[in-house]
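J.: So here's run.txt (compact mmCIF, C-alpha atoms and all ligand atoms).
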# COMPACT_ATOMS: atom_id res chain seq x y z
CA MET A 1 8.07 -29.50 -3.45
CA LEU A 2 8.39 -27.30 -0.34
CA THR A 3 6.67 -28.21 2.91
CA TYR A 4 4.22 -25.70 4.36
CA GLN A 5 6.83 -24.47 6.86
CA GLN A 6 9.41 -24.00 4.09
CA ALA A 7 6.86 -22.18 1.91
CA LEU A 8 5.88 -19.92 4.79
CA ALA A 9 9.55 -19.19 5.55
CA THR A 10 10.01 -18.27 1.86
CA CYS A 11 7.09 -15.82 2.01
CA LEU A 12 8.37 -14.25 5.24
CA ALA A 13 11.88 -13.90 3.86
CA ALA A 14 10.52 -12.17 0.75
CA ALA A 15 8.66 -9.63 2.92
CA ASP A 16 11.99 -8.21 4.01
CA ARG A 17 11.01 -4.79 5.33
CA VAL A 18 8.33 -3.33 7.54
CA LEU A 19 6.17 -0.77 5.72
CA GLU A 20 6.32 2.97 6.44
CA THR A 21 4.71 4.81 9.35
CA GLU A 22 1.69 7.12 9.23
CA SER A 23 -0.48 8.75 11.86
CA VAL A 24 -4.13 7.85 12.53
CA ALA A 25 -6.82 9.20 14.82
CA LEU A 26 -7.57 7.02 17.83
CA LEU A 27 -10.96 5.92 16.53
CA ASP A 28 -9.38 4.75 13.26
CA ALA A 29 -6.65 2.83 15.09
CA PRO A 30 -8.29 -0.54 15.92
CA GLY A 31 -6.92 -3.20 13.58
CA ARG A 32 -3.84 -1.10 12.80
CA VAL A 33 -0.32 -1.93 14.03
CA LEU A 34 1.65 0.41 16.27
CA ALA A 35 4.78 1.71 14.57
CA ASP A 36 6.40 3.01 17.78
CA ASP A 37 6.32 2.27 21.48
CA ILE A 38 3.71 4.37 23.26
CA VAL A 39 4.98 6.09 26.40
CA ALA A 40 2.73 7.64 29.04
CA ALA A 41 3.15 11.41 28.87
CA LEU A 42 1.27 11.82 32.14
CA ALA A 43 0.48 9.85 35.25
CA ILE A 44 -2.91 8.20 35.66
CA GLN A 45 -4.63 8.89 37.94
CA PRO A 46 -3.35 12.44 37.33
CA PHE A 47 -3.93 13.41 41.01
CA ASP A 48 -4.94 11.76 44.30
CA ASN A 49 -8.74 11.55 44.38
CA ALA A 50 -11.65 9.95 46.17
CA ALA A 51 -12.78 6.45 45.14
CA MET A 52 -16.13 6.85 46.94
CA ASP A 53 -18.65 9.50 47.84
CA GLY A 54 -17.96 10.22 51.52
CA TYR A 55 -15.80 12.27 53.84
CA ALA A 56 -12.10 13.02 53.47
CA VAL A 57 -10.42 12.61 56.87
CA TYR A 58 -7.17 12.12 58.70
CA CYS A 59 -7.48 8.44 59.56
CA GLU A 60 -5.63 9.17 62.82
CA ASP A 61 -8.66 11.25 63.92
CA LEU A 62 -10.86 8.15 63.81
CA ALA A 63 -8.48 5.75 65.60
CA THR A 64 -10.74 5.42 68.65
CA ALA A 65 -14.12 5.48 66.84
CA THR A 66 -16.57 2.67 67.74
CA SER A 67 -20.37 2.63 67.91
CA ALA A 68 -20.08 3.13 71.69
CA THR A 69 -17.41 5.84 71.42
CA ALA A 70 -18.34 7.67 68.20
CA VAL A 71 -16.07 10.44 66.92
CA GLN A 72 -17.69 13.62 65.64
CA LEU A 73 -15.89 15.93 63.20
CA PRO A 74 -17.12 19.26 61.85
CA CYS A 75 -17.56 19.54 58.08
CA HIS A 76 -17.55 22.92 56.36
CA ARG A 77 -16.44 22.00 52.85
CA VAL A 78 -17.81 20.13 49.85
CA ILE A 79 -15.37 19.03 47.13
CA ALA A 80 -16.82 17.92 43.78
CA ALA A 81 -15.24 16.07 40.85
CA GLY A 82 -13.94 18.75 38.50
CA ASP A 83 -13.18 21.29 41.23
CA ARG A 84 -10.00 22.91 39.98
CA ASP A 85 -9.06 25.49 42.60
CA ALA A 86 -5.94 24.65 44.58
CA LEU A 87 -7.42 23.15 47.67
CA PRO A 88 -6.54 24.36 51.12
CA ALA A 89 -5.21 21.59 53.34
CA LEU A 90 -7.71 19.76 55.54
CA GLN A 91 -7.51 20.89 59.16
CA ARG A 92 -6.78 18.14 61.67
CA GLY A 93 -9.95 17.35 63.64
CA SER A 94 -12.27 18.20 60.74
CA CYS A 95 -13.55 16.44 57.62
CA ALA A 96 -14.59 17.46 54.10
CA ARG A 97 -17.52 16.10 52.14
CA ILE A 98 -16.03 14.65 48.93
CA MET A 99 -17.46 13.09 45.76
CA THR A 100 -16.03 10.18 43.72
CA GLY A 101 -13.24 11.49 41.46
CA ALA A 102 -12.83 14.77 43.37
CA PRO A 103 -9.28 15.81 44.30
CA MET A 104 -8.22 14.93 47.84
CA PRO A 105 -7.56 17.98 49.99
CA PRO A 106 -3.88 18.06 51.02
CA GLY A 107 -3.31 16.28 54.31
CA ALA A 108 -6.37 14.06 54.18
CA ASN A 109 -5.33 10.42 53.91
CA ALA A 110 -8.56 8.42 53.73
CA VAL A 111 -12.18 8.65 52.63
CA VAL A 112 -14.98 7.20 54.74
CA GLN A 113 -17.91 6.00 52.67
CA ILE A 114 -20.97 8.17 53.16
CA GLU A 115 -23.12 5.16 54.10
CA ARG A 116 -20.94 4.59 57.19
CA THR A 117 -21.53 8.07 58.62
CA ALA A 118 -24.38 10.13 60.01
CA THR A 119 -24.65 13.86 59.45
CA ALA A 120 -26.48 16.20 61.81
CA ALA A 121 -28.00 19.58 60.90
CA ASP A 122 -25.15 21.36 62.72
CA LYS A 123 -22.70 19.92 60.14
CA MET A 124 -21.19 17.55 62.65
CA VAL A 125 -20.44 14.18 61.06
CA THR A 126 -20.50 11.04 63.20
CA PHE A 127 -18.03 8.19 62.61
CA THR A 128 -18.51 4.89 64.42
CA ALA A 129 -15.48 2.92 63.17
CA PRO A 130 -11.82 3.61 62.48
CA CYS A 131 -10.58 3.63 58.88
CA ALA A 132 -7.35 2.46 57.30
CA LEU A 133 -4.65 4.74 55.92
CA HIS A 134 -5.39 5.42 52.19
CA GLU A 135 -8.79 3.71 52.37
CA ASN A 136 -10.90 4.74 49.36
CA VAL A 137 -8.16 6.96 47.92
CA ARG A 138 -6.97 6.56 44.33
CA HIS A 139 -3.36 7.63 44.13
CA ALA A 140 -1.70 9.61 41.37
CA GLY A 141 0.18 7.20 39.09
CA GLU A 142 -1.50 4.08 40.42
CA ASP A 143 -2.67 3.06 36.93
CA PHE A 144 0.16 4.50 34.78
CA LYS A 145 3.38 6.22 35.85
CA LEU A 146 4.79 9.08 33.82
CA GLY A 147 7.13 7.50 31.25
CA ASP A 148 5.67 3.98 31.45
CA ARG A 149 5.89 2.07 28.16
CA VAL A 150 2.22 1.28 27.76
CA LEU A 151 2.00 -0.46 24.36
CA GLU A 152 4.90 -1.71 22.25
CA ARG A 153 5.49 -1.29 18.53
CA GLY A 154 4.19 -4.25 16.56
CA ARG A 155 1.09 -4.63 18.71
CA ILE A 156 -2.24 -4.79 16.87
CA ILE A 157 -4.44 -2.07 18.33
CA ALA A 158 -7.79 -3.42 19.53
CA THR A 159 -11.00 -1.63 20.39
CA HIS A 160 -10.46 -2.34 24.09
CA HIS A 161 -7.15 -0.42 23.92
CA ILE A 162 -9.13 2.75 23.22
CA MET A 163 -9.96 3.12 26.92
CA PRO A 164 -6.40 3.33 28.29
CA LEU A 165 -5.14 5.23 25.22
CA ALA A 166 -7.85 7.90 25.54
CA THR A 167 -7.29 8.00 29.32
CA LEU A 168 -3.69 8.94 28.52
CA GLY A 169 -4.82 11.64 26.09
CA LEU A 170 -3.50 9.90 22.97
CA GLY A 171 -5.68 11.22 20.14
CA LYS A 172 -3.30 10.25 17.34
CA LEU A 173 -1.17 7.14 17.01
CA PRO A 174 1.79 6.20 14.81
CA VAL A 175 0.86 3.10 12.82
CA ILE A 176 2.25 1.11 9.92
CA ARG A 177 0.57 2.05 6.67
CA LYS A 178 -1.74 -0.56 5.19
CA PRO A 179 -0.23 -2.79 2.52
CA ARG A 180 -1.86 -2.01 -0.85
CA ALA A 181 -3.08 -4.97 -2.87
CA ALA A 182 -4.42 -5.70 -6.32
CA VAL A 183 -6.88 -8.59 -6.47
CA ILE A 184 -7.19 -10.63 -9.66
CA THR A 185 -9.63 -13.47 -10.18
CA THR A 186 -9.14 -15.66 -13.23
CA GLY A 187 -11.60 -17.87 -15.07
CA LYS A 188 -13.86 -17.78 -18.08
CA GLU A 189 -16.54 -19.44 -15.94
CA LEU A 190 -16.93 -16.47 -13.56
CA ALA A 191 -20.20 -14.51 -13.73
CA SER A 192 -19.40 -10.84 -13.44
CA SER A 193 -22.25 -9.85 -11.13
CA LEU A 194 -24.10 -11.37 -8.19
CA ASP A 195 -27.22 -9.45 -9.23
CA GLN A 196 -27.90 -11.48 -12.38
CA PRO A 197 -29.27 -15.04 -12.62
CA LEU A 198 -26.47 -17.54 -13.13
CA PRO A 199 -25.98 -18.39 -16.85
CA GLN A 200 -25.62 -22.06 -17.78
CA GLY A 201 -22.11 -23.35 -17.11
CA MET A 202 -21.05 -20.31 -15.10
CA ILE A 203 -20.41 -19.80 -11.37
CA TYR A 204 -20.51 -16.68 -9.23
CA ASN A 205 -17.12 -15.16 -8.52
CA SER A 206 -17.12 -16.02 -4.82
CA ASN A 207 -13.34 -15.79 -4.51
CA HIS A 208 -13.42 -12.12 -5.48
CA PHE A 209 -15.69 -11.30 -2.56
CA TYR A 210 -13.93 -13.58 -0.10
CA ILE A 211 -10.46 -12.30 -0.99
CA CYS A 212 -11.60 -8.68 -0.66
CA GLY A 213 -13.34 -9.39 2.66
CA ALA A 214 -10.42 -11.33 4.11
CA LEU A 215 -7.80 -8.78 3.00
CA THR A 216 -9.84 -5.96 4.50
CA ALA A 217 -10.15 -7.89 7.77
CA MET A 218 -6.39 -8.41 7.87
CA GLY A 219 -5.73 -4.70 7.42
CA VAL A 220 -4.87 -4.59 3.72
CA GLU A 221 -6.10 -1.81 1.44
CA ILE A 222 -7.64 -3.14 -1.75
CA ALA A 223 -6.31 -0.76 -4.36
CA ALA A 224 -7.57 -2.49 -7.52
CA THR A 225 -9.67 -5.49 -8.50
CA HIS A 226 -9.77 -7.25 -11.86
CA THR A 227 -11.20 -10.37 -13.42
CA VAL A 228 -9.61 -11.98 -16.47
CA ALA A 229 -10.66 -14.89 -18.65
CA ASP A 230 -8.10 -17.60 -19.15
CA ASP A 231 -6.11 -16.10 -21.99
CA PRO A 232 -2.47 -15.25 -21.47
CA ALA A 233 -2.58 -12.03 -23.50
CA SER A 234 -5.25 -10.49 -21.21
CA LEU A 235 -3.37 -11.50 -18.07
CA ARG A 236 -0.09 -10.16 -19.49
CA ARG A 237 -1.73 -6.82 -20.32
CA LEU A 238 -3.29 -6.64 -16.88
CA LEU A 239 -0.07 -7.47 -15.03
CA LEU A 240 1.87 -4.90 -17.03
CA GLN A 241 -0.70 -2.34 -15.94
CA VAL A 242 -0.57 -3.56 -12.31
CA MET A 243 3.23 -3.33 -12.31
CA GLN A 244 2.99 0.37 -13.19
CA GLN A 245 1.35 0.99 -9.85
CA ASN A 246 3.01 0.79 -6.50
CA PHE A 247 1.23 -2.17 -5.00
CA ASP A 248 2.81 -4.20 -2.24
CA LEU A 249 0.87 -7.34 -3.08
CA VAL A 250 -0.96 -8.97 -5.94
CA ILE A 251 -3.36 -11.73 -4.95
CA SER A 252 -4.79 -13.84 -7.75
CA SER A 253 -7.03 -16.87 -7.68
CA GLY A 254 -7.09 -19.70 -10.18
CA ALA A 255 -5.02 -20.77 -13.15
CA VAL A 256 -2.05 -22.16 -11.21
CA SER A 257 -2.76 -25.91 -11.53
CA ALA A 258 -1.81 -28.27 -14.32
CA GLY A 259 -4.74 -27.60 -16.66
CA ASP A 260 -4.51 -26.33 -20.22
CA PHE A 261 -5.60 -22.85 -19.15
CA ASP A 262 -3.35 -22.43 -16.14
CA ILE A 263 -1.68 -19.33 -17.43
CA VAL A 264 -0.34 -17.58 -14.34
CA ARG A 265 3.10 -19.13 -14.18
CA PRO A 266 4.03 -18.79 -17.89
CA VAL A 267 2.85 -15.17 -17.96
CA LEU A 268 4.77 -14.32 -14.78
CA GLU A 269 7.90 -15.89 -16.19
CA GLU A 270 7.49 -14.03 -19.45
CA LEU A 271 7.28 -10.76 -17.49
CA GLY A 272 10.52 -11.52 -15.65
CA ALA A 273 9.03 -12.43 -12.26
CA THR A 274 11.01 -14.70 -9.95
CA ILE A 275 8.97 -17.78 -9.05
CA LEU A 276 9.83 -18.49 -5.41
CA PHE A 277 7.64 -21.59 -5.19
CA HIS A 278 4.96 -23.32 -7.19
CA LYS A 279 3.20 -26.37 -5.74
CA ILE A 280 3.68 -27.07 -2.05
CA LYS A 281 2.89 -30.00 0.24
CA VAL A 282 -0.43 -28.70 1.56
CA LYS A 283 -4.09 -29.67 1.19
CA PRO A 284 -6.09 -27.82 0.10
CA GLY A 285 -3.82 -25.62 -1.96
CA LYS A 286 -1.14 -27.82 -3.50
CA PRO A 287 -0.85 -25.59 -6.63
CA ASN A 288 -0.04 -22.43 -4.58
CA LEU A 289 2.40 -20.15 -6.36
CA PHE A 290 4.48 -17.36 -4.87
CA ALA A 291 6.62 -14.95 -6.87
CA LYS A 292 8.32 -11.58 -6.76
CA LEU A 293 7.53 -9.23 -9.64
CA PRO A 294 10.38 -7.26 -11.21
CA ASN A 295 9.20 -4.16 -9.29
CA GLY A 296 9.50 -5.96 -5.94
CA CYS A 297 5.76 -6.52 -5.48
CA LEU A 298 4.90 -9.91 -3.95
CA TYR A 299 2.59 -12.13 -6.00
CA PHE A 300 0.41 -14.81 -4.39
CA GLY A 301 -1.12 -17.10 -7.00
CA LEU A 302 -3.77 -18.91 -4.96
CA PRO A 303 -5.51 -21.94 -6.45
CA GLY A 304 -9.09 -21.27 -7.57
CA ASN A 305 -10.84 -23.85 -5.42
CA PRO A 306 -12.56 -21.62 -2.87
CA VAL A 307 -11.30 -23.46 0.20
CA ALA A 308 -7.76 -23.44 -1.17
CA THR A 309 -8.08 -19.71 -1.80
CA ALA A 310 -9.30 -19.16 1.77
CA ALA A 311 -6.58 -21.34 3.32
CA GLY A 312 -3.88 -19.65 1.22
CA LEU A 313 -5.10 -16.27 2.43
CA ARG A 314 -5.10 -17.37 6.06
CA PHE A 315 -1.84 -19.33 6.16
CA LEU A 316 0.38 -17.65 3.55
CA VAL A 317 -0.97 -14.16 2.83
CA GLN A 318 -2.06 -13.22 6.36
CA GLN A 319 1.22 -14.37 7.90
CA THR A 320 3.17 -12.40 5.28
CA VAL A 321 1.03 -9.33 5.89
CA ARG A 322 1.78 -9.63 9.62
CA LYS A 323 5.49 -9.52 8.81
CA MET A 324 5.06 -6.49 6.50
CA ARG A 325 3.30 -4.73 9.36
CA GLY A 326 5.97 -5.66 11.90
CA VAL A 327 3.78 -8.02 13.93
CA ASP A 328 5.25 -11.13 15.58
CA ALA A 329 4.40 -14.56 14.17
CA GLU A 330 0.90 -15.69 15.08
CA LYS A 331 0.53 -18.30 17.82
CA PRO A 332 -2.14 -20.97 17.53
CA LEU A 333 -4.60 -21.96 20.22
CA TYR A 334 -4.71 -25.64 21.12
CA ALA A 335 -7.89 -27.70 21.17
CA ARG A 336 -8.81 -31.35 21.65
CA ALA A 337 -10.26 -33.02 18.54
CA MET A 338 -13.84 -34.19 19.00
CA ASN A 339 -13.69 -36.67 16.15
CA ARG A 340 -11.38 -38.99 14.23
CA PHE A 341 -10.02 -37.87 10.89
CA VAL A 342 -7.80 -39.72 8.47
CA LYS A 343 -5.55 -37.71 6.19
CA PRO A 344 -2.80 -38.43 3.69
CA ALA A 345 0.68 -38.40 5.21
CA GLY A 346 3.14 -36.03 3.56
CA LEU A 347 0.69 -33.13 3.16
CA HIS A 348 0.06 -30.39 5.72
CA MET A 349 -3.73 -30.04 5.98
CA PHE A 350 -5.90 -27.06 6.84
CA LEU A 351 -9.26 -28.35 8.07
CA LYS A 352 -12.51 -26.50 8.63
CA GLY A 353 -13.21 -26.64 12.35
CA SER A 354 -15.56 -25.40 15.00
CA VAL A 355 -13.92 -24.55 18.34
CA GLU A 356 -15.84 -24.52 21.58
CA GLY A 357 -14.75 -23.68 25.15
CA TRP A 358 -15.92 -25.60 28.22
CA GLU A 359 -16.48 -24.97 31.93
CA ASP A 360 -13.37 -26.97 32.88
CA GLY A 361 -11.23 -24.52 30.90
CA SER A 362 -10.65 -26.81 27.93
CA LEU A 363 -11.12 -26.11 24.24
CA THR A 364 -12.42 -28.67 21.79
CA VAL A 365 -12.54 -28.61 18.01
CA ASP A 366 -15.10 -30.37 15.89
CA ILE A 367 -13.57 -31.28 12.52
CA LEU A 368 -16.51 -30.46 10.29
CA ASP A 369 -18.01 -32.65 7.60
CA GLY A 370 -17.37 -31.52 4.02
CA GLN A 371 -13.61 -30.96 3.92
CA ALA A 372 -13.41 -31.08 0.09
CA SER A 373 -11.75 -28.00 -1.33
CA PHE A 374 -14.81 -26.93 -3.31
CA MET A 375 -17.23 -27.22 -0.34
CA VAL A 376 -18.06 -23.88 1.19
CA SER A 377 -21.20 -24.82 3.15
CA PRO A 378 -19.10 -25.74 6.27
CA PHE A 379 -17.86 -22.12 6.35
CA LEU A 380 -21.24 -21.31 7.90
CA GLN A 381 -20.40 -23.45 11.00
CA MET A 382 -16.69 -22.86 10.97
CA ASN A 383 -14.88 -20.51 13.39
CA ALA A 384 -11.33 -21.83 13.10
CA TRP A 385 -8.88 -23.67 10.91
CA VAL A 386 -7.24 -26.80 12.25
CA SER A 387 -3.61 -27.00 11.18
CA VAL A 388 -2.37 -30.57 10.85
CA ALA A 389 1.30 -31.28 10.20
CA GLU A 390 2.33 -33.43 7.23
CA ASP A 391 3.59 -36.38 9.27
CA VAL A 392 0.17 -36.93 10.91
CA GLN A 393 -1.83 -39.67 9.22
CA GLU A 394 -4.68 -40.17 11.63
CA ILE A 395 -6.20 -37.67 14.05
CA LYS A 396 -7.69 -39.55 17.00
CA ALA A 397 -10.58 -38.15 19.01
CA GLY A 398 -9.06 -36.44 22.07
CA GLN A 399 -5.81 -35.55 20.31
CA VAL A 400 -4.67 -31.95 20.89
CA LEU A 401 -4.22 -29.91 17.70
CA PRO A 402 -3.21 -26.32 16.88
CA VAL A 403 -6.13 -24.20 15.70
CA PHE A 404 -6.16 -20.74 14.15
CA LEU A 405 -9.25 -18.62 14.67
CA MET A 406 -10.80 -16.88 11.67
CA THR A 407 -9.11 -13.71 10.41
CA GLU A 408 -11.10 -11.16 12.44
CA CYS A 409 -10.16 -12.86 15.73
CA ALA A 410 -6.49 -12.86 14.83
CA THR A 411 -6.55 -9.13 14.03
CA ALA A 412 -8.45 -8.10 17.15
CA GLY A 413 -5.40 -8.03 19.38
CA LEU A 414 -5.07 -11.75 20.12
CA PRO A 415 -1.49 -13.09 20.02
P1 LIG B 1 -8.54 -23.30 -11.09
O1 LIG B 1 -7.61 -23.16 -9.93
O2 LIG B 1 -8.58 -22.09 -11.95
O3 LIG B 1 -8.22 -24.54 -11.85
O4 LIG B 1 -9.98 -23.48 -10.50
C1 LIG B 1 -10.26 -24.58 -9.65
C2 LIG B 1 -11.72 -24.60 -9.32
O5 LIG B 1 -12.05 -23.42 -8.61
C3 LIG B 1 -12.64 -24.64 -10.50
O6 LIG B 1 -13.76 -25.45 -10.18
C4 LIG B 1 -13.04 -23.22 -10.70
O7 LIG B 1 -14.26 -23.07 -11.35
C5 LIG B 1 -13.11 -22.74 -9.27
N1 LIG B 1 -12.86 -21.31 -9.21
C6 LIG B 1 -11.84 -20.66 -9.82
N2 LIG B 1 -11.92 -19.35 -9.62
C7 LIG B 1 -13.00 -19.15 -8.85
C8 LIG B 1 -13.61 -17.99 -8.31
N3 LIG B 1 -13.08 -16.80 -8.53
N4 LIG B 1 -14.72 -18.14 -7.56
C9 LIG B 1 -15.23 -19.37 -7.34
N5 LIG B 1 -14.70 -20.49 -7.82
C10 LIG B 1 -13.60 -20.40 -8.59
MG MG B 2 -9.39 -21.60 -13.76
Is it possible to give me this structure as structure tokens?
Ligand code: AMP
Ligand code: MG

T.:
Amino acid sequence: MLTYQQALATCLAAADRVLETESVALLDAPGRVLADDIVAALAIQPFDNAAMDGYAVYCEDLATATSATAVQLPCHRVIAAGDRDALPALQRGSCARIMTGAPMPPGANAVVQIERTATAADKMVTFTAPCALHENVRHAGEDFKLGDRVLERGRIIATHHIMPLATLGLGKLPVIRKPRAAVITTGKELASSLDQPLPQGMIYNSNHFYICGALTAMGVEIAATHTVADDPASLRRLLLQVMQQNFDLVISSGAVSAGDFDIVRPVLEELGATILFHKIKVKPGKPNLFAKLPNGCLYFGLPGNPVATAAGLRFLVQQTVRKMRGVDAEKPLYARAMNRFVKPAGLHMFLKGSVEGWEDGSLTVDILDGQASFMVSPFLQMNAWVSVAEDVQEIKAGQVLPVFLMTECATAGLP
């Protein structure tokens, strides 16, 4: 049986190429991955401009200004933001009224805030203090220089990137296309609709909804969804149909354990798939299966227990999807355990946790009650998974552990 790290390495090795590039509009870019480095095609600020409403001056003209020895300068010009005419240079010994964002007149080298001046009816402006060179001036290129590499390929674009990208005039971005996935849930016990009362002996197909939600959050396009009962002939038919289409991934839940109806592995083998692992040293999710279909599509056979399905998505599928999109391996955060937890040695565990940050800069994680792999009620308190290596047997309160925030956080531009 492979360890979690070996299983993950197997998945990453199987995802051996980054997907193709396409172009998206800026507003569709958050959550997508940059396919190329972005280079600034202009300087920002584009021109020297005023950072305050006030008066553009030569700071040298105010060198001797005090409240006792005020300097008065004539003002015959008003420059507004958006004024586009080439400005005449400012005459020495004069000033120009200027608004925030307006271009600096050539020669002027500082702006005095309007509140620090007094203006008389004869357009003479009184200054009662000197000002520093470049005071209240925003310089061309102070934010971005022409040719700066502003965002590298492989970065996940986040909503907060929209501001600098739009500032630079980038309306379209090269991104990696979304991986296309087929989702298959297996089980005779699955009720087909959430809108009907639950028949005796049946359960709602929660994995279908969770898998679709999680894949969407990790930037995968759901191209097909299917549910099959536990008979091999139906699954074989379905997989033959799925293999006709150019999916990058198939994600199934259920039917990978040791029960009489665990049909995924025999059907995959019959269809000529290569089983890359089946059963790994993790909890929940020991029965996890990973295979390559004859057409190259990657097949994740997640166990049906809902928590095992969720953990498999987060720790196998999401990491593989990152690789397919050319994103670096995800880094955990580290948090101090609030409570003791005893686990079996020899299995890597994924625990439902609730992370909180404190005034002293520390993070803590509460290992939630209800860790059984069928228990989904803790998902309502949970905001992170705690990842506990196989050699750990006892987590002591205060021990620092790696935690992985829920999928949305990890696709919002966090490392
Ligand atoms: P299996 O992996 O097929 O043996 O299923 C393990 C457990 O997960 C059983 O209790 C199943 O009823 C449950 N299960 C399987 N598939 C789903 C599903 N799609 N939604 C919710 N529970 C499921
Ligand atoms: Mg089943």

J.: Within 6 Å of ligand LIG 1 (chain B), which residues show up when you count all atoms listed in the file? List them as a list in words, please.

T.: Thr185, Thr186, Gly187, Asn205, Ser206, Asn207, His208, Ser253, Gly254, Ala255, Val256, Ser257, Pro303, Gly304, Asn305 and Pro306 of chain A

J.: Can you tell me which residues surround A:Gly301 at a distance of at most 7 Å, considering only C-alpha atoms, apart from same-chain residues fewer than 5 positions away, and format the answer as a list of chain:residue names?

T.: A:Ile251, A:Ser252, A:Ser253, A:Val256, A:Asn288, A:Leu289, A:Phe290

J.: Could you list, as a list in words, every residue within 7 Å of A:Glu22, counting all atoms listed in the file and ignoring same-chain residues fewer than 2 positions away?

T.: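 Final neighbour list, sorted by chain and number: Glu20, Val24, Pro174, Val175, Ile176 and Arg177 of chain A.
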
J.: Rank nothing, just name the residue among A:Lys178, A:Pro103, A:Leu302, A:Ala41 nearest to ligand MG 2 (chain B), using all atoms listed in the file.

T.: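 So, comparing all the options, the nearest one is A:Leu302.
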
J.: May I have the residues within 12 Å of A:Asp85 as a PDB file with C-alpha atoms, in the coordinates of the input, using only C-alpha atoms and disregarding those fewer than 5 positions away in the same chain?

T.:
ATOM      1  CA  ILE A  79     -15.370  19.030  47.130  1.00  0.00           C
ATOM      2  CA  ALA A  80     -16.820  17.920  43.780  1.00  0.00           C
ATOM      3  CA  ALA A 102     -12.830  14.770  43.370  1.00  0.00           C
ATOM      4  CA  PRO A 103      -9.280  15.810  44.300  1.00  0.00           C
ATOM      5  CA  MET A 104      -8.220  14.930  47.840  1.00  0.00           C
ATOM      6  CA  PRO A 105      -7.560  17.980  49.990  1.00  0.00           C
TER       7      PRO A 105
END

J.: Using Å and a single decimal, report how far atom CA of A:Tyr4 sits from atom CA of A:Gln319.

T.: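 So the answer is 12.2 Å.
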
J.: Between A:Pro287, A:Gly312, A:Gly141, A:Gly357, single out the one closest to ligand MG 2 (chain B), counting only C-alpha atoms and all ligand atoms.

T.: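 Between A:Pro287, A:Gly312, A:Gly141, A:Gly357, the residue approaching ligand MG 2 (chain B) most closely is A:Pro287.
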
J.: So, counting all atoms listed in the file, which residue among A:His226, A:Arg314, A:Lys188, A:Arg340 is closest to ligand MG 2 (chain B)?

T.: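 Nearest to ligand MG 2 (chain B): A:Lys188.
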
J.: Out of A:Leu368, A:Val403, A:Ala40, A:Leu276, which residue has the shortest atom-to-atom distance to A:Thr167 when counting only C-alpha atoms?

T.: A:Ala40

J.: Please list as an MDAnalysis selection string every residue within 12 Å of A:Gly169, counting all atoms listed in the file and excluding residues in the same chain fewer than 2 positions away.

T.: chainID A and resid 25:26 38:44 46 162:167 171:173

J.: Applying 12 Å and only C-alpha atoms, which residues near A:Glu115 remain after dropping the ones on its own chain fewer than 6 positions away? List them as an MDAnalysis selection string.

T.: chainID A and resid 52:55 125:128

J.: Now that the selection is made, can you save its residues with C-alpha atoms as a compact mmCIF listing (two decimals), in the coordinates of the input?

T.:
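File written: again.txt
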# COMPACT_ATOMS: atom_id res chain seq x y z
CA MET A 52 -16.13 6.85 46.94
CA ASP A 53 -18.65 9.50 47.84
CA GLY A 54 -17.96 10.22 51.52
CA TYR A 55 -15.80 12.27 53.84
CA VAL A 125 -20.44 14.18 61.06
CA THR A 126 -20.50 11.04 63.20
CA PHE A 127 -18.03 8.19 62.61
CA THR A 128 -18.51 4.89 64.42

J.: How many Å lie between atom CA of A:Asp16 and atom CA of A:Cys212, rounded to one decimal?

T.: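 Here the two named atoms are 24.1 Å from each other.
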
J.: Which one of A:Asp366, A:Asp122, A:Glu60, A:Asp230 sits closest to ligand MG 2 (chain B) if you count only C-alpha atoms and all ligand atoms?

T.: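 Looking at the shortest contact to ligand MG 2 (chain B), the residue is A:Asp230.
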
J.: Please list, as a VMD selection string, the residues that have an atom at most 10 Å away from (-1.0, -4.5, -8.2) in the coordinates of this file, counting only C-alpha atoms.

T.: chain A and resid 180 to 184 222 to 226 238 to 251 293 297 to 299

J.: So, counting all atoms listed in the file, which residue among A:Ala345, A:Leu2, A:Val228, A:Leu380 is closest to ligand MG 2 (chain B)?

T.: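 Once distances to ligand MG 2 (chain B) are computed over all atoms listed in the file, the minimum belongs to A:Val228.
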
J.: Could you state the separation of atom CA of A:Arg237 and atom CA of A:Asp262 in Å, given to one decimal place?

T.: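 Atom-to-atom, atom CA of A:Arg237 to atom CA of A:Asp262, that is 16.2 Å.
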
J.: Produce the centre coordinates and the three edge lengths, each in Å to one decimal, of the box along x, y and z that contains all listed atoms of stretch 58-77 of chain A with 5 Å added on each side, as JSON.

T.:
{"center_x": -13.0, "center_y": 12.8, "center_z": 62.3, "size_x": 24.7, "size_y": 30.3, "size_z": 28.8}

J.: Output as a CSV table (one decimal), in the frame of the given file: stretch 147-151 of chain A, completed with N, CA and C atoms.

T.:
chain,number,residue,atom,x,y,z
A,147,GLY,N,6.0,8.2,31.9
A,147,GLY,CA,7.1,7.5,31.2
A,147,GLY,C,7.0,6.0,31.1
A,148,ASP,N,5.9,5.4,31.7
A,148,ASP,CA,5.7,4.0,31.4
A,148,ASP,C,5.6,3.7,30.0
A,149,ARG,N,6.1,2.5,29.5
A,149,ARG,CA,5.9,2.1,28.2
A,149,ARG,C,4.6,1.3,28.2
A,150,VAL,N,3.6,1.8,27.6
A,150,VAL,CA,2.2,1.3,27.8
A,150,VAL,C,1.8,0.3,26.7
A,151,LEU,N,2.3,0.5,25.5
A,151,LEU,CA,2.0,-0.5,24.4
A,151,LEU,C,3.2,-0.4,23.4
